[in-house]
Structures are given as C-alpha cells and as structure tokens.
Amino acid sequence: MGEVRPIVYVGDPVLHTPCEPVTRFDESLAALVDDMFASMYAARGVGLAANQIGVGLRVFVYDCPDADGVNQVGVVVNPVLELPPVGERSLDPGDEGCLSVPGQYAPLPRADHARVHGFGVKGEPVTVEGTGLMARCLQHETDHLDGHLYIDRLPAKKRKQVLKAYEESLTATA
C-alpha cells in the first residue's frame with residue numbers, strides 16, 4: 001500500500017527534463033513504486049512515470065490492457081524502448097491522453113507493437129511486450145522518462161489547441 005502523491009502537470013520542469021537512471025534497487029525504490037501504483041490508481045490511469053509525481057528517476061508502472069483485452073501489470077526501471085523496424089511497423093492512429101494534461105485527448109499515431117527492456121524493482125532483468133493500448137502505454141511512459149509529453153509529438157497547431165483547451169478547463173473550474 002503506497003501513499004497517493006499529487007500528479008505534476010504540464011509546464012512543470014520535471015516533466016520536460018530527461019530522468020536519471022536508477023542506480024539503487026533498495027527499499028526506497030520499492031516505496032516509490034508502491035506510491036506510483038497508488039497515485040496511478042487514484043488518478044484512474046493505466047500508466048505512470050516517476051516524474052509525473054515529481055521524481056526524476058527512470059521508472060514507470062502500468063496496469064493496462066493489450067489488444068486482446070488482457071491486463072498487464074508491472075514496473076520497469078531504466079527502460080529501453082524497442083519498436084519494430086519502420087518498414088514492418090503498423091501504426092495505431094488512436095487518441096492519446098495524459099494524467100499530466102488532464103481531460104485532453106488528441107489523435108497520435110503510435111506503433112501498435114512495442115517492447116521495453118529494463119529491470120524490475122529488485123534489479124532483475126525484465127522484458128515487457130505490448131500490443132494495442134499497452135504498446136501505446138509503453139511508448140508514452142518511456143517518452144515521459146525522456147522528458148517528453150505526448151503533446152510534444154503533435155503537430156504545432158493541434159498542440160496549441162490541446163494546451164488552450166487545457167488552460168480553459170483550468171479557468172472553468174477555478
């Protein structure tokens with residue numbers, strides 16, 4: 001049982017800075033992962049990167065269905081993303097959203113199959129493969145750890161529209 005931490009929103013420098021590799025697989029990392037799961041579930045997300053709760057370390061958690069509807073749950077520390085070669089890659093044109101840009105969604109083509117290699121919370125090697133939404137999740141969360149949000153991949157005009165809608169949603173609830 002972790003502690004729910006507040007989600008960091010677009011504009012915070014921690015979201016736009018590449019995260020540092022994890023070098024210690026200890027109780028503090030395990031506690032961070034527990035907090036990340038608690039925070040992800042409280043925000044009703046399917047994935048969460050450490051920098052989304054203000055921690056600049058290369059770790060993400062997920063609880064996400066794949067293309068067959070099978071839920072995958074886990075953690076990847078120091079992930080390295082692997083996509084099919086461009087000539088063999090199929091794109092999923094679906095919408096994407098983010099807990100750090102709440103309420104906003106936009107079409108963003110992503111590879112419909114992805115794999116990450118990394119480590120578990122105890123330092124054991126892990127490989128996670130995903131299709132459908134899970135493939136999108138693996139790419140999205142790895143982007144976070146590289147200091148990028150999904151809106152950074154949108155065409156300039158669409159990015160501006162999403163940010164404007166987000167800002168308007170803030171003033172509407174204030």
# chains A, B, ... in the order shown; residues from 1 in each chain; ligands from 1
>>> residues_around(residues="Ile151 (chain A)", least_positions_apart="4", cutoff="10 Å", atoms="only C-alpha atoms", output="ChimeraX atom specification")
/A:10,96-98,101,104-106,108,155-156,158-160,162-163
>>> closest_atom_pairs(of="region 28-124 of chain A", to="region 133-147 of chain A", cutoff="10 Å", atoms="only C-alpha atoms", output="Markdown table")
| residue | atom | partner | partner_atom | distance |
| --- | --- | --- | --- | --- |
| A:Val46 | CA | A:Cys137 | CA | 7.5 |
| A:Gly47 | CA | A:Cys137 | CA | 6.4 |
| A:Leu48 | CA | A:Glu141 | CA | 6.6 |
| A:Ala49 | CA | A:Glu141 | CA | 5.7 |
| A:Ala50 | CA | A:Leu145 | CA | 7.7 |
| A:Asn51 | CA | A:Leu145 | CA | 7.0 |
| A:Gln52 | CA | A:His144 | CA | 8.0 |
| A:Gly56 | CA | A:Leu145 | CA | 7.9 |
| A:Leu57 | CA | A:Leu145 | CA | 7.5 |
| A:Arg58 | CA | A:Leu145 | CA | 5.6 |
| A:Val59 | CA | A:Leu145 | CA | 7.4 |
| A:Phe60 | CA | A:Glu141 | CA | 6.5 |
| A:Val61 | CA | A:Glu141 | CA | 8.4 |
| A:Tyr62 | CA | A:Cys137 | CA | 7.7 |
| A:Asp63 | CA | A:Met134 | CA | 8.7 |
| A:Cys64 | CA | A:Met134 | CA | 5.7 |
| A:Pro65 | CA | A:Met134 | CA | 5.8 |
| A:Asp66 | CA | A:Met134 | CA | 4.7 |
| A:Ala67 | CA | A:Leu133 | CA | 6.4 |
| A:Asp68 | CA | A:Leu133 | CA | 9.7 |
| A:Gly69 | CA | A:Leu133 | CA | 9.1 |
| A:Val70 | CA | A:Met134 | CA | 9.5 |
| A:Asn71 | CA | A:Met134 | CA | 8.5 |
| A:Gln72 | CA | A:Met134 | CA | 7.8 |
| A:Val76 | CA | A:Leu138 | CA | 9.6 |
| A:Asn78 | CA | A:Leu145 | CA | 8.9 |
| A:Pro79 | CA | A:Thr142 | CA | 6.9 |
| A:Val80 | CA | A:Thr142 | CA | 7.7 |
| A:Leu81 | CA | A:Thr142 | CA | 6.9 |
| A:Glu82 | CA | A:Gln139 | CA | 9.1 |
| A:Leu83 | CA | A:Gln139 | CA | 8.9 |
| A:Asp92 | CA | A:Arg136 | CA | 8.4 |
| A:Gly94 | CA | A:Leu133 | CA | 9.0 |
| A:Asp95 | CA | A:Arg136 | CA | 9.9 |
| A:Glu96 | CA | A:Arg136 | CA | 8.3 |
| A:Gly97 | CA | A:His140 | CA | 9.4 |
| A:Cys98 | CA | A:His140 | CA | 8.7 |
| A:Leu108 | CA | A:Arg136 | CA | 9.6 |
| A:Pro109 | CA | A:Arg136 | CA | 9.1 |
| A:Arg110 | CA | A:Arg136 | CA | 6.3 |
| A:Ala111 | CA | A:Ala135 | CA | 7.0 |
| A:Asp112 | CA | A:Ala135 | CA | 5.8 |
| A:His113 | CA | A:Ala135 | CA | 5.1 |
| A:Ala114 | CA | A:Ala135 | CA | 4.9 |
| A:Arg115 | CA | A:Leu138 | CA | 7.3 |
| A:Val116 | CA | A:Leu138 | CA | 7.1 |
>>> atom_distance(atom1="CA of Leu29 (chain A)", atom2="CA of Val121 (chain A)")
6.9 Å
>>> select_by_dssp(residues="chain A", states="strand (DSSP E)", output="MDAnalysis selection string")
chainID A and resid 47:49 59:65 71:82 91:92 95:98 101:107 110:111 113:119 125:131
>>> closest_residue(among="A:Phe25, A:Glu20, A:Leu32, A:Leu15", to="Met1 (chain A)", atoms="only C-alpha atoms")
A:Leu32
>>> select_by_dssp(residues="region 90-136 of chain A", states="alpha helix (DSSP H)", output="list in words")
Leu133, Met134, Ala135 and Arg136 of chain A
>>> residues_around(residues="Ala43 (chain A)", least_positions_apart="2", cutoff="10 Å", atoms="only C-alpha atoms", output="list in words")
Val4, Arg5, Pro6, Ile7, Phe37, Ala38, Ser39, Met40, Tyr41, Gly45, Val46, Leu48, Leu99 and Pro102 of chain A
>>> closest_residue(among="A:Pro93, A:Gly74, A:Gly130, A:Gly54", to="Cys19 (chain A)", atoms="only C-alpha atoms")
A:Gly54
>>> atom_distance(atom1="CA of Val33 (chain A)", atom2="CA of Gly2 (chain A)")
7.9 Å
>>> atom_distance(atom1="CA of Glu124 (chain A)", atom2="CA of Pro18 (chain A)")
23.1 Å
>>> closest_residue(among="A:Val75, A:Leu91, A:Ala165, A:Met36", to="Pro107 (chain A)", atoms="only C-alpha atoms")
A:Leu91
>>> closest_residue(among="A:Lys122, A:Thr131, A:Lys164, A:Leu170", to="Ser28 (chain A)", atoms="only C-alpha atoms")
A:Lys122
